[in-house]
$ cat input.pdb   # PDB, C-alpha atoms, pLDDT in the B column
ATOM      1  CA  MET A1083     -17.748 -25.595   1.817  1.00 34.00           C
ATOM      2  CA  ILE A1084     -18.129 -24.064  -1.627  1.00 34.00           C
ATOM      3  CA  ARG A1085     -19.957 -21.094  -0.078  1.00 36.00           C
ATOM      4  CA  LYS A1086     -17.146 -20.651   2.455  1.00 37.00           C
ATOM      5  CA  LEU A1087     -14.468 -20.729  -0.247  1.00 36.00           C
ATOM      6  CA  ARG A1088     -16.380 -18.220  -2.368  1.00 38.00           C
ATOM      7  CA  TYR A1089     -16.850 -15.926   0.608  1.00 37.00           C
ATOM      8  CA  THR A1090     -13.132 -16.074   1.474  1.00 42.00           C
ATOM      9  CA  SER A1091     -12.195 -15.376  -2.110  1.00 43.00           C
ATOM     10  CA  MET A1092     -14.572 -12.363  -2.307  1.00 41.00           C
ATOM     11  CA  THR A1093     -13.239 -10.955   0.952  1.00 66.00           C
ATOM     12  CA  ASN A1094      -9.658 -11.190  -0.282  1.00 72.00           C
ATOM     13  CA  THR A1095     -10.530  -9.442  -3.527  1.00 75.00           C
ATOM     14  CA  ASP A1096     -12.371  -6.724  -1.618  1.00 79.00           C
ATOM     15  CA  GLU A1097      -9.451  -6.292   0.740  1.00 81.00           C
ATOM     16  CA  LYS A1098      -6.951  -6.109  -2.117  1.00 83.00           C
ATOM     17  CA  PHE A1099      -9.128  -3.515  -3.826  1.00 86.00           C
ATOM     18  CA  CYS A1100      -9.370  -1.391  -0.649  1.00 89.00           C
ATOM     19  CA  VAL A1101      -5.609  -1.493  -0.099  1.00 89.00           C
ATOM     20  CA  GLN A1102      -5.080  -0.555  -3.759  1.00 87.00           C
ATOM     21  CA  LYS A1103      -7.474   2.407  -3.430  1.00 87.00           C
ATOM     22  CA  THR A1104      -5.550   3.649  -0.383  1.00 90.00           C
ATOM     23  CA  LEU A1105      -2.256   3.227  -2.235  1.00 88.00           C
ATOM     24  CA  LYS A1106      -3.597   5.295  -5.128  1.00 86.00           C
ATOM     25  CA  ILE A1107      -3.937   8.201  -2.688  1.00 87.00           C
ATOM     26  CA  ILE A1108      -0.945   7.784  -0.391  1.00 86.00           C
ATOM     27  CA  GLY A1109       1.270   5.408  -2.375  1.00 81.00           C
ATOM     28  CA  SER A1110       4.303   7.602  -2.784  1.00 83.00           C
ATOM     29  CA  LYS A1111       7.130   8.325  -0.374  1.00 83.00           C
ATOM     30  CA  TRP A1112       6.702  12.114  -0.488  1.00 92.00           C
ATOM     31  CA  THR A1113       2.933  11.940  -0.062  1.00 94.00           C
ATOM     32  CA  VAL A1114       3.299   9.960   3.169  1.00 93.00           C
ATOM     33  CA  LEU A1115       5.955  12.366   4.450  1.00 93.00           C
ATOM     34  CA  ILE A1116       3.824  15.431   3.551  1.00 96.00           C
ATOM     35  CA  LEU A1117       0.899  13.873   5.436  1.00 95.00           C
ATOM     36  CA  ARG A1118       3.142  13.203   8.421  1.00 94.00           C
ATOM     37  CA  GLU A1119       4.112  16.886   8.473  1.00 95.00           C
ATOM     38  CA  LEU A1120       0.460  17.980   8.321  1.00 96.00           C
ATOM     39  CA  CYS A1121      -0.471  15.586  11.157  1.00 94.00           C
ATOM     40  CA  ASP A1122       1.339  18.122  13.400  1.00 92.00           C
ATOM     41  CA  GLY A1123      -1.004  20.915  12.180  1.00 95.00           C
ATOM     42  CA  THR A1124      -1.374  23.555   9.465  1.00 97.00           C
ATOM     43  CA  LYS A1125       1.821  24.316   7.520  1.00 97.00           C
ATOM     44  CA  ARG A1126       2.909  26.822   4.892  1.00 96.00           C
ATOM     45  CA  PHE A1127       4.457  25.748   1.566  1.00 95.00           C
ATOM     46  CA  GLY A1128       7.864  27.035   2.642  1.00 94.00           C
ATOM     47  CA  GLU A1129       7.716  25.179   5.957  1.00 96.00           C
ATOM     48  CA  LEU A1130       6.873  21.903   4.216  1.00 97.00           C
ATOM     49  CA  GLU A1131       9.675  22.436   1.700  1.00 96.00           C
ATOM     50  CA  LYS A1132      12.148  23.133   4.493  1.00 96.00           C
ATOM     51  CA  ASN A1133      11.092  20.127   6.609  1.00 94.00           C
ATOM     52  CA  LEU A1134      10.992  17.672   3.699  1.00 94.00           C
ATOM     53  CA  GLU A1135      14.690  17.706   2.930  1.00 92.00           C
ATOM     54  CA  GLY A1136      15.362  16.752  -0.692  1.00 94.00           C
ATOM     55  CA  ILE A1137      11.910  17.426  -2.170  1.00 95.00           C
ATOM     56  CA  SER A1138      11.780  19.781  -5.177  1.00 96.00           C
ATOM     57  CA  SER A1139       9.293  22.694  -5.251  1.00 95.00           C
ATOM     58  CA  LYS A1140       7.701  21.107  -8.323  1.00 96.00           C
ATOM     59  CA  THR A1141       7.177  17.696  -6.668  1.00 96.00           C
ATOM     60  CA  LEU A1142       5.826  19.306  -3.479  1.00 97.00           C
ATOM     61  CA  SER A1143       3.433  21.418  -5.529  1.00 96.00           C
ATOM     62  CA  ILE A1144       2.195  18.398  -7.553  1.00 96.00           C
ATOM     63  CA  ARG A1145       1.718  16.224  -4.448  1.00 96.00           C
ATOM     64  CA  LEU A1146      -0.170  19.004  -2.603  1.00 97.00           C
ATOM     65  CA  LYS A1147      -2.469  19.516  -5.606  1.00 97.00           C
ATOM     66  CA  GLU A1148      -3.184  15.750  -5.777  1.00 95.00           C
ATOM     67  CA  LEU A1149      -3.970  15.649  -2.054  1.00 96.00           C
ATOM     68  CA  GLU A1150      -6.257  18.688  -2.369  1.00 97.00           C
ATOM     69  CA  LYS A1151      -8.039  17.101  -5.365  1.00 96.00           C
ATOM     70  CA  ASN A1152      -8.568  13.903  -3.353  1.00 94.00           C
ATOM     71  CA  GLY A1153     -10.092  15.838  -0.450  1.00 95.00           C
ATOM     72  CA  ILE A1154      -7.199  15.043   1.915  1.00 96.00           C
ATOM     73  CA  LEU A1155      -6.145  18.646   2.547  1.00 97.00           C
ATOM     74  CA  LYS A1156      -7.439  22.186   2.196  1.00 98.00           C
ATOM     75  CA  LYS A1157      -5.396  25.059   0.815  1.00 98.00           C
ATOM     76  CA  LYS A1158      -6.052  28.540   2.155  1.00 97.00           C
ATOM     77  CA  ILE A1159      -4.555  31.513   0.341  1.00 95.00           C
ATOM     78  CA  TYR A1160      -3.944  34.787   2.173  1.00 92.00           C
ATOM     79  CA  PRO A1161      -3.907  37.896  -0.076  1.00 92.00           C
ATOM     80  CA  THR A1162      -0.636  39.218   1.303  1.00 91.00           C
ATOM     81  CA  ILE A1163       2.354  40.362  -0.746  1.00 91.00           C
ATOM     82  CA  PRO A1164       3.756  37.887  -1.599  1.00 87.00           C
ATOM     83  CA  PRO A1165       0.637  35.661  -1.291  1.00 87.00           C
ATOM     84  CA  LYS A1166       0.820  33.094   1.506  1.00 90.00           C
ATOM     85  CA  ALA A1167      -0.687  29.606   1.226  1.00 94.00           C
ATOM     86  CA  GLU A1168      -1.452  27.312   4.138  1.00 97.00           C
ATOM     87  CA  TYR A1169      -2.274  23.624   4.038  1.00 98.00           C
ATOM     88  CA  THR A1170      -4.462  21.814   6.583  1.00 98.00           C
ATOM     89  CA  LEU A1171      -5.715  18.216   6.715  1.00 97.00           C
ATOM     90  CA  THR A1172      -9.468  17.785   6.155  1.00 97.00           C
ATOM     91  CA  PRO A1173     -11.364  15.287   8.371  1.00 96.00           C
ATOM     92  CA  LYS A1174     -10.740  12.698   5.606  1.00 94.00           C
ATOM     93  CA  GLY A1175      -7.034  13.556   5.785  1.00 95.00           C
ATOM     94  CA  GLN A1176      -7.044  13.385   9.596  1.00 94.00           C
ATOM     95  CA  SER A1177      -8.384   9.845   9.297  1.00 94.00           C
ATOM     96  CA  LEU A1178      -5.113   8.811   7.616  1.00 93.00           C
ATOM     97  CA  LYS A1179      -3.295   9.441  10.889  1.00 92.00           C
ATOM     98  CA  SER A1180      -3.844   5.808  11.946  1.00 91.00           C
ATOM     99  CA  ILE A1181      -1.819   4.595   8.937  1.00 93.00           C
ATOM    100  CA  ILE A1182       0.982   7.123   9.521  1.00 92.00           C
ATOM    101  CA  SER A1183       0.992   6.232  13.194  1.00 91.00           C
ATOM    102  CA  SER A1184       1.198   2.461  12.402  1.00 91.00           C
ATOM    103  CA  MET A1185       4.166   3.228  10.141  1.00 92.00           C
ATOM    104  CA  HIS A1186       5.809   5.275  12.864  1.00 91.00           C
ATOM    105  CA  GLU A1187       5.352   2.539  15.482  1.00 90.00           C
ATOM    106  CA  TRP A1188       6.618  -0.159  13.143  1.00 91.00           C
ATOM    107  CA  GLY A1189       9.689   1.878  12.179  1.00 91.00           C
ATOM    108  CA  GLU A1190      10.414   2.506  15.835  1.00 90.00           C
ATOM    109  CA  HIS A1191      10.238  -1.149  16.855  1.00 88.00           C
ATOM    110  CA  TYR A1192      11.451  -3.125  13.871  1.00 86.00           C
ATOM    111  CA  THR A1193      14.157  -1.200  12.031  1.00 76.00           C
TER     112      THR A1193
ATOM    113  CA  MET B 759       9.498  26.268  27.859  1.00 34.00           C
ATOM    114  CA  ILE B 760      12.777  25.870  25.984  1.00 34.00           C
ATOM    115  CA  ARG B 761      12.993  22.271  27.173  1.00 36.00           C
ATOM    116  CA  LYS B 762       9.435  21.606  26.001  1.00 37.00           C
ATOM    117  CA  LEU B 763      10.148  23.049  22.566  1.00 36.00           C
ATOM    118  CA  ARG B 764      13.309  21.011  22.234  1.00 38.00           C
ATOM    119  CA  TYR B 765      11.496  17.859  23.267  1.00 37.00           C
ATOM    120  CA  THR B 766       8.702  18.462  20.736  1.00 42.00           C
ATOM    121  CA  SER B 767      11.209  19.086  18.000  1.00 42.00           C
ATOM    122  CA  MET B 768      13.141  15.899  18.799  1.00 41.00           C
ATOM    123  CA  THR B 769       9.971  13.847  18.848  1.00 65.00           C
ATOM    124  CA  ASN B 770       8.939  15.127  15.428  1.00 72.00           C
ATOM    125  CA  THR B 771      12.352  14.349  13.978  1.00 74.00           C
ATOM    126  CA  ASP B 772      12.259  10.891  15.529  1.00 78.00           C
ATOM    127  CA  GLU B 773       8.802  10.277  14.165  1.00 80.00           C
ATOM    128  CA  LYS B 774       9.781  11.446  10.689  1.00 83.00           C
ATOM    129  CA  PHE B 775      12.820   9.177  10.799  1.00 85.00           C
ATOM    130  CA  CYS B 776      10.731   6.156  11.895  1.00 88.00           C
ATOM    131  CA  VAL B 777       8.164   6.721   9.137  1.00 89.00           C
ATOM    132  CA  GLN B 778      11.015   7.094   6.615  1.00 87.00           C
ATOM    133  CA  LYS B 779      12.593   3.816   7.780  1.00 87.00           C
ATOM    134  CA  THR B 780       9.266   2.025   7.327  1.00 90.00           C
ATOM    135  CA  LEU B 781       8.855   3.571   3.869  1.00 88.00           C
ATOM    136  CA  LYS B 782      12.315   2.326   2.910  1.00 85.00           C
ATOM    137  CA  ILE B 783      11.016  -1.214   3.454  1.00 86.00           C
ATOM    138  CA  ILE B 784       7.405  -1.027   2.284  1.00 86.00           C
ATOM    139  CA  GLY B 785       7.377   2.200   0.269  1.00 81.00           C
ATOM    140  CA  SER B 786       6.379   0.782  -3.095  1.00 83.00           C
ATOM    141  CA  LYS B 787       2.959  -0.169  -4.430  1.00 83.00           C
ATOM    142  CA  TRP B 788       3.940  -3.738  -5.321  1.00 92.00           C
ATOM    143  CA  THR B 789       5.677  -4.359  -2.007  1.00 94.00           C
ATOM    144  CA  VAL B 790       2.506  -3.472  -0.086  1.00 93.00           C
ATOM    145  CA  LEU B 791       0.406  -5.664  -2.375  1.00 93.00           C
ATOM    146  CA  ILE B 792       2.852  -8.597  -2.047  1.00 96.00           C
ATOM    147  CA  LEU B 793       2.678  -8.245   1.746  1.00 95.00           C
ATOM    148  CA  ARG B 794      -1.110  -8.162   1.594  1.00 94.00           C
ATOM    149  CA  GLU B 795      -1.052 -11.459  -0.323  1.00 95.00           C
ATOM    150  CA  LEU B 796       1.300 -13.053   2.228  1.00 96.00           C
ATOM    151  CA  CYS B 797      -0.897 -11.887   5.136  1.00 94.00           C
ATOM    152  CA  ASP B 798      -3.286 -14.645   3.980  1.00 92.00           C
ATOM    153  CA  GLY B 799      -0.511 -17.262   4.408  1.00 95.00           C
ATOM    154  CA  THR B 800       2.353 -18.935   2.543  1.00 97.00           C
ATOM    155  CA  LYS B 801       2.287 -18.490  -1.247  1.00 97.00           C
ATOM    156  CA  ARG B 802       4.236 -19.808  -4.210  1.00 96.00           C
ATOM    157  CA  PHE B 803       5.888 -17.505  -6.764  1.00 95.00           C
ATOM    158  CA  GLY B 804       3.321 -18.467  -9.412  1.00 94.00           C
ATOM    159  CA  GLU B 805       0.399 -17.802  -7.077  1.00 96.00           C
ATOM    160  CA  LEU B 806       1.719 -14.333  -6.224  1.00 97.00           C
ATOM    161  CA  GLU B 807       2.293 -13.574  -9.903  1.00 96.00           C
ATOM    162  CA  LYS B 808      -1.246 -14.685 -10.753  1.00 96.00           C
ATOM    163  CA  ASN B 809      -2.880 -12.720  -7.922  1.00 94.00           C
ATOM    164  CA  LEU B 810      -0.886  -9.529  -8.503  1.00 94.00           C
ATOM    165  CA  GLU B 811      -2.306  -8.682 -11.881  1.00 92.00           C
ATOM    166  CA  GLY B 812       0.081  -6.564 -13.929  1.00 94.00           C
ATOM    167  CA  ILE B 813       3.319  -7.290 -12.050  1.00 95.00           C
ATOM    168  CA  SER B 814       6.228  -8.561 -14.172  1.00 96.00           C
ATOM    169  CA  SER B 815       8.185 -11.670 -13.098  1.00 95.00           C
ATOM    170  CA  LYS B 816      11.294  -9.496 -12.836  1.00 96.00           C
ATOM    171  CA  THR B 817       9.665  -6.925 -10.513  1.00 96.00           C
ATOM    172  CA  LEU B 818       8.102  -9.664  -8.355  1.00 97.00           C
ATOM    173  CA  SER B 819      11.461 -11.395  -8.086  1.00 96.00           C
ATOM    174  CA  ILE B 820      13.285  -8.150  -7.129  1.00 96.00           C
ATOM    175  CA  ARG B 821      10.658  -7.175  -4.535  1.00 96.00           C
ATOM    176  CA  LEU B 822      10.687 -10.671  -2.961  1.00 97.00           C
ATOM    177  CA  LYS B 823      14.496 -10.591  -2.726  1.00 97.00           C
ATOM    178  CA  GLU B 824      14.382  -7.154  -1.056  1.00 95.00           C
ATOM    179  CA  LEU B 825      11.789  -8.355   1.455  1.00 96.00           C
ATOM    180  CA  GLU B 826      13.846 -11.488   2.191  1.00 97.00           C
ATOM    181  CA  LYS B 827      16.997  -9.374   2.661  1.00 96.00           C
ATOM    182  CA  ASN B 828      15.102  -7.109   5.103  1.00 94.00           C
ATOM    183  CA  GLY B 829      13.937 -10.088   7.153  1.00 95.00           C
ATOM    184  CA  ILE B 830      10.262  -9.602   6.214  1.00 96.00           C
ATOM    185  CA  LEU B 831       9.783 -12.986   4.555  1.00 97.00           C
ATOM    186  CA  LYS B 832      11.410 -16.403   4.315  1.00 98.00           C
ATOM    187  CA  LYS B 833      11.883 -18.289   1.074  1.00 98.00           C
ATOM    188  CA  LYS B 834      11.758 -22.079   1.182  1.00 97.00           C
ATOM    189  CA  ILE B 835      12.907 -24.021  -1.862  1.00 95.00           C
ATOM    190  CA  TYR B 836      11.642 -27.571  -2.491  1.00 92.00           C
ATOM    191  CA  PRO B 837      13.975 -29.749  -4.598  1.00 92.00           C
ATOM    192  CA  THR B 838      11.262 -30.853  -7.007  1.00 91.00           C
ATOM    193  CA  ILE B 839      11.478 -30.763 -10.807  1.00 91.00           C
ATOM    194  CA  PRO B 840      10.949 -27.913 -11.588  1.00 87.00           C
ATOM    195  CA  PRO B 841      12.051 -26.495  -8.182  1.00 87.00           C
ATOM    196  CA  LYS B 842       9.240 -24.951  -6.158  1.00 90.00           C
ATOM    197  CA  ALA B 843       9.716 -21.869  -3.973  1.00 94.00           C
ATOM    198  CA  GLU B 844       7.374 -20.784  -1.198  1.00 97.00           C
ATOM    199  CA  TYR B 845       7.280 -17.428   0.576  1.00 98.00           C
ATOM    200  CA  THR B 846       6.116 -16.923   4.162  1.00 98.00           C
ATOM    201  CA  LEU B 847       6.097 -13.818   6.380  1.00 97.00           C
ATOM    202  CA  THR B 848       8.574 -13.892   9.288  1.00 97.00           C
ATOM    203  CA  PRO B 849       7.409 -12.576  12.700  1.00 96.00           C
ATOM    204  CA  LYS B 850       8.847  -9.182  11.647  1.00 94.00           C
ATOM    205  CA  GLY B 851       6.778  -9.407   8.461  1.00 95.00           C
ATOM    206  CA  GLN B 852       3.667 -10.449  10.397  1.00 94.00           C
ATOM    207  CA  SER B 853       4.033  -7.280  12.441  1.00 93.00           C
ATOM    208  CA  LEU B 854       3.390  -5.234   9.287  1.00 93.00           C
ATOM    209  CA  LYS B 855      -0.177  -6.557   9.235  1.00 92.00           C
ATOM    210  CA  SER B 856      -1.355  -3.584  11.332  1.00 91.00           C
ATOM    211  CA  ILE B 857      -0.241  -1.160   8.588  1.00 93.00           C
ATOM    212  CA  ILE B 858      -1.850  -3.215   5.806  1.00 92.00           C
ATOM    213  CA  SER B 859      -4.981  -3.538   7.865  1.00 91.00           C
ATOM    214  CA  SER B 860      -5.117   0.261   8.511  1.00 91.00           C
ATOM    215  CA  MET B 861      -4.793   0.767   4.736  1.00 92.00           C
ATOM    216  CA  HIS B 862      -7.571  -1.727   4.101  1.00 91.00           C
ATOM    217  CA  GLU B 863      -9.897  -0.063   6.610  1.00 90.00           C
ATOM    218  CA  TRP B 864      -9.178   3.402   5.299  1.00 92.00           C
ATOM    219  CA  GLY B 865      -9.765   2.333   1.680  1.00 91.00           C
ATOM    220  CA  GLU B 866     -13.043   0.724   2.695  1.00 90.00           C
ATOM    221  CA  HIS B 867     -14.399   3.789   4.501  1.00 88.00           C
ATOM    222  CA  TYR B 868     -12.971   6.781   2.689  1.00 86.00           C
ATOM    223  CA  THR B 869     -12.678   6.033  -1.033  1.00 76.00           C
TER     224      THR B 869
END
$ encode --input "input.pdb" --output "structure tokens"
Amino acid sequence: MIRKLRYTSMTNTDEKFCVQKTLKIIGSKWTVLILRELCDGTKRFGELEKNLEGISSKTLSIRLKELEKNGILKKKIYPTIPPKAEYTLTPKGQSLKSIISSMHEWGEHYT
Amino acid sequence: MIRKLRYTSMTNTDEKFCVQKTLKIIGSKWTVLILRELCDGTKRFGELEKNLEGISSKTLSIRLKELEKNGILKKKIYPTIPPKAEYTLTPKGQSLKSIISSMHEWGEHYT
């Protein structure tokens, strides 16, 4: 019985920790909405800014840098004039689609 | 072709809107962590406060009220001295388990 209780308690702590780690990466409204945009495919900065109504250039830039740092997306710069930057989900980023898709389904059915 | 493009565009807008609606309800770090606690079963205010290290009583109280207002949880008050309040997920709240569980799985594999 004691073993069972300890096991349950460890599992809960582990689970909490895993959820917290995920939240550290995607735990902001704009981050989730940026990821949702990139689930559709590669996008340019301007496209993201246009689609994410209400986001400031500064916030978009900060969120994209965080996501790049965390290995969620890749930035590709084209040496045009003016320079053009494109953002694409990495395989790690693609794996977040299940969370975005759960959110989509829930929003569709329950709100 | 025009019809296809229009359809795609509508679907993306719909999807964005659904994700946004979900974020309106669970789009804060503490809200997700409170829900994760309640996925394990009914909890008292004090238990939640103890398990959610770092949350203030005020924030916990505000988040619980929001979740109750949105039909995600039910509060049951027992007329003891001092009064005891218990929080349980409603069926609508239970349905959020898939999102929490996706977050858990992602955190486990990718961080």
$ resolve_selection --input "input.pdb" --expression "the ChimeraX specification (/B :<7) & /A" --output "ChimeraX atom specification"
/A:1097,1100-1101,1103-1105,1109-1111,1174,1180-1181,1184-1186,1188-1190,1192-1193
$ calpha_fit_and_write --input "input.pdb" --fixed "chain B" --moving "chain A" --output "tab-separated table (two decimals) with C-alpha atoms, in the frame of the given file"
chain	number	residue	atom	x	y	z
A	1083	MET	CA	9.33	26.45	27.64
A	1084	ILE	CA	12.60	26.04	25.78
A	1085	ARG	CA	12.87	22.46	27.08
A	1086	LYS	CA	9.32	21.74	25.90
A	1087	LEU	CA	10.01	23.13	22.42
A	1088	ARG	CA	13.22	21.13	22.14
A	1089	TYR	CA	11.46	17.97	23.25
A	1090	THR	CA	8.65	18.48	20.71
A	1091	SER	CA	11.16	19.13	17.96
A	1092	MET	CA	13.16	15.96	18.84
A	1093	THR	CA	10.01	13.85	18.91
A	1094	ASN	CA	8.97	15.09	15.47
A	1095	THR	CA	12.39	14.33	14.03
A	1096	ASP	CA	12.33	10.87	15.60
A	1097	GLU	CA	8.86	10.23	14.25
A	1098	LYS	CA	9.82	11.40	10.76
A	1099	PHE	CA	12.86	9.14	10.87
A	1100	CYS	CA	10.77	6.11	11.95
A	1101	VAL	CA	8.21	6.69	9.20
A	1102	GLN	CA	11.05	7.06	6.67
A	1103	LYS	CA	12.62	3.78	7.84
A	1104	THR	CA	9.28	1.99	7.38
A	1105	LEU	CA	8.88	3.55	3.93
A	1106	LYS	CA	12.33	2.29	2.94
A	1107	ILE	CA	11.03	-1.24	3.49
A	1108	ILE	CA	7.42	-1.06	2.32
A	1109	GLY	CA	7.40	2.17	0.31
A	1110	SER	CA	6.41	0.78	-3.05
A	1111	LYS	CA	3.00	-0.16	-4.39
A	1112	TRP	CA	3.97	-3.73	-5.30
A	1113	THR	CA	5.70	-4.36	-1.98
A	1114	VAL	CA	2.53	-3.47	-0.06
A	1115	LEU	CA	0.42	-5.65	-2.35
A	1116	ILE	CA	2.86	-8.60	-2.04
A	1117	LEU	CA	2.70	-8.25	1.75
A	1118	ARG	CA	-1.09	-8.18	1.61
A	1119	GLU	CA	-1.05	-11.46	-0.32
A	1120	LEU	CA	1.30	-13.07	2.22
A	1121	CYS	CA	-0.90	-11.89	5.13
A	1122	ASP	CA	-3.30	-14.65	3.96
A	1123	GLY	CA	-0.52	-17.28	4.37
A	1124	THR	CA	2.34	-18.95	2.50
A	1125	LYS	CA	2.26	-18.49	-1.29
A	1126	ARG	CA	4.22	-19.81	-4.26
A	1127	PHE	CA	5.87	-17.49	-6.80
A	1128	GLY	CA	3.32	-18.43	-9.45
A	1129	GLU	CA	0.39	-17.77	-7.11
A	1130	LEU	CA	1.72	-14.31	-6.24
A	1131	GLU	CA	2.29	-13.53	-9.92
A	1132	LYS	CA	-1.24	-14.63	-10.78
A	1133	ASN	CA	-2.88	-12.68	-7.93
A	1134	LEU	CA	-0.88	-9.49	-8.49
A	1135	GLU	CA	-2.31	-8.63	-11.88
A	1136	GLY	CA	0.09	-6.48	-13.90
A	1137	ILE	CA	3.33	-7.25	-12.04
A	1138	SER	CA	6.25	-8.52	-14.16
A	1139	SER	CA	8.19	-11.65	-13.10
A	1140	LYS	CA	11.31	-9.48	-12.82
A	1141	THR	CA	9.67	-6.91	-10.49
A	1142	LEU	CA	8.11	-9.65	-8.34
A	1143	SER	CA	11.47	-11.39	-8.08
A	1144	ILE	CA	13.29	-8.15	-7.11
A	1145	ARG	CA	10.67	-7.19	-4.51
A	1146	LEU	CA	10.69	-10.69	-2.95
A	1147	LYS	CA	14.50	-10.62	-2.73
A	1148	GLU	CA	14.40	-7.18	-1.03
A	1149	LEU	CA	11.80	-8.40	1.46
A	1150	GLU	CA	13.85	-11.53	2.20
A	1151	LYS	CA	17.00	-9.42	2.68
A	1152	ASN	CA	15.12	-7.16	5.11
A	1153	GLY	CA	13.94	-10.15	7.16
A	1154	ILE	CA	10.27	-9.65	6.22
A	1155	LEU	CA	9.78	-13.02	4.53
A	1156	LYS	CA	11.39	-16.44	4.29
A	1157	LYS	CA	11.86	-18.33	1.04
A	1158	LYS	CA	11.73	-22.11	1.12
A	1159	ILE	CA	12.88	-24.05	-1.92
A	1160	TYR	CA	11.60	-27.58	-2.56
A	1161	PRO	CA	13.94	-29.76	-4.68
A	1162	THR	CA	11.22	-30.86	-7.08
A	1163	ILE	CA	11.41	-30.76	-10.87
A	1164	PRO	CA	10.90	-27.94	-11.64
A	1165	PRO	CA	12.01	-26.50	-8.26
A	1166	LYS	CA	9.20	-24.96	-6.22
A	1167	ALA	CA	9.67	-21.88	-4.02
A	1168	GLU	CA	7.35	-20.79	-1.24
A	1169	TYR	CA	7.26	-17.46	0.54
A	1170	THR	CA	6.10	-16.96	4.14
A	1171	LEU	CA	6.09	-13.86	6.37
A	1172	THR	CA	8.56	-13.94	9.28
A	1173	PRO	CA	7.39	-12.64	12.69
A	1174	LYS	CA	8.85	-9.24	11.65
A	1175	GLY	CA	6.78	-9.45	8.46
A	1176	GLN	CA	3.67	-10.49	10.40
A	1177	SER	CA	4.05	-7.33	12.46
A	1178	LEU	CA	3.42	-5.27	9.31
A	1179	LYS	CA	-0.15	-6.57	9.24
A	1180	SER	CA	-1.32	-3.61	11.36
A	1181	ILE	CA	-0.21	-1.17	8.62
A	1182	ILE	CA	-1.82	-3.23	5.84
A	1183	SER	CA	-4.96	-3.55	7.91
A	1184	SER	CA	-5.07	0.25	8.56
A	1185	MET	CA	-4.76	0.77	4.79
A	1186	HIS	CA	-7.54	-1.71	4.15
A	1187	GLU	CA	-9.88	-0.07	6.67
A	1188	TRP	CA	-9.14	3.41	5.35
A	1189	GLY	CA	-9.72	2.35	1.74
A	1190	GLU	CA	-12.99	0.74	2.75
A	1191	HIS	CA	-14.34	3.79	4.55
A	1192	TYR	CA	-12.93	6.79	2.73
A	1193	THR	CA	-12.62	6.05	-0.98
$ residues_around --input "input.pdb" --residues "range 818-826 of chain B" --least-positions-apart "5" --cutoff "8 Å" --atoms "all atoms listed in the file" --output "PyMOL selection string"
chain B and resi 783+788-789+807+813+831-833
$ closest_residue --input "input.pdb" --among "A:Tyr1169, A:Gly1123, A:Ser1139, A:Glu1129" --to "Ile1154 in chain A" --atoms "all atoms listed in the file"
A:Tyr1169
$ atom_distance --input "input.pdb" --atom1 "CA of Glu1135 in chain A" --atom2 "CA of Ile1163 in chain A"
26.1 Å
$ atom_distance --input "input.pdb" --atom1 "CA of Leu1130 in chain A" --atom2 "CA of Thr1162 in chain A"
19.1 Å
$ closest_residue --input "input.pdb" --among "A:Thr1172, A:Lys1125, A:Leu1120, A:Ala1167" --to "Lys1151 in chain A" --atoms "all atoms listed in the file"
A:Thr1172
$ closest_residue --input "input.pdb" --among "A:Ile1116, A:Cys1121, A:Arg1126, A:Ser1138" --to "Leu1171 in chain A" --atoms "only C-alpha atoms"
A:Cys1121
$ atom_distance --input "input.pdb" --atom1 "CA of Thr800 in chain B" --atom2 "CA of Glu844 in chain B"
6.5 Å
$ axis_aligned_box --input "input.pdb" --around "range 1156-1166 of chain A" --padding-each-side "8 Å" --output "lines of an AutoDock Vina configuration file"
center_x = -1.8
center_y = 31.3
center_z = 0.3
size_x = 27.2
size_y = 34.2
size_z = 19.8
$ decode --input "input.pdb" --residues "range 1159-1177 of chain A" --atoms "C-alpha atoms" --output "tab-separated table (two decimals), in the first residue's frame"
chain	number	residue	atom	x	y	z
A	1159	ILE	CA	16.96	34.64	-44.16
A	1160	TYR	CA	17.01	35.43	-47.87
A	1161	PRO	CA	19.58	38.08	-48.92
A	1162	THR	CA	17.10	40.15	-50.89
A	1163	ILE	CA	16.58	43.90	-50.58
A	1164	PRO	CA	14.92	44.31	-48.15
A	1165	PRO	CA	15.99	40.99	-46.52
A	1166	LYS	CA	13.20	38.42	-46.25
A	1167	ALA	CA	12.87	36.02	-43.31
A	1168	GLU	CA	10.82	32.84	-43.30
A	1169	TYR	CA	9.81	30.74	-40.32
A	1170	THR	CA	9.19	26.97	-40.43
A	1171	LEU	CA	8.40	24.47	-37.66
A	1172	THR	CA	11.19	21.98	-36.89
A	1173	PRO	CA	10.23	18.32	-36.26
A	1174	LYS	CA	10.12	19.22	-32.53
A	1175	GLY	CA	7.76	22.08	-33.40
A	1176	GLN	CA	5.64	19.82	-35.63
A	1177	SER	CA	5.17	17.53	-32.64
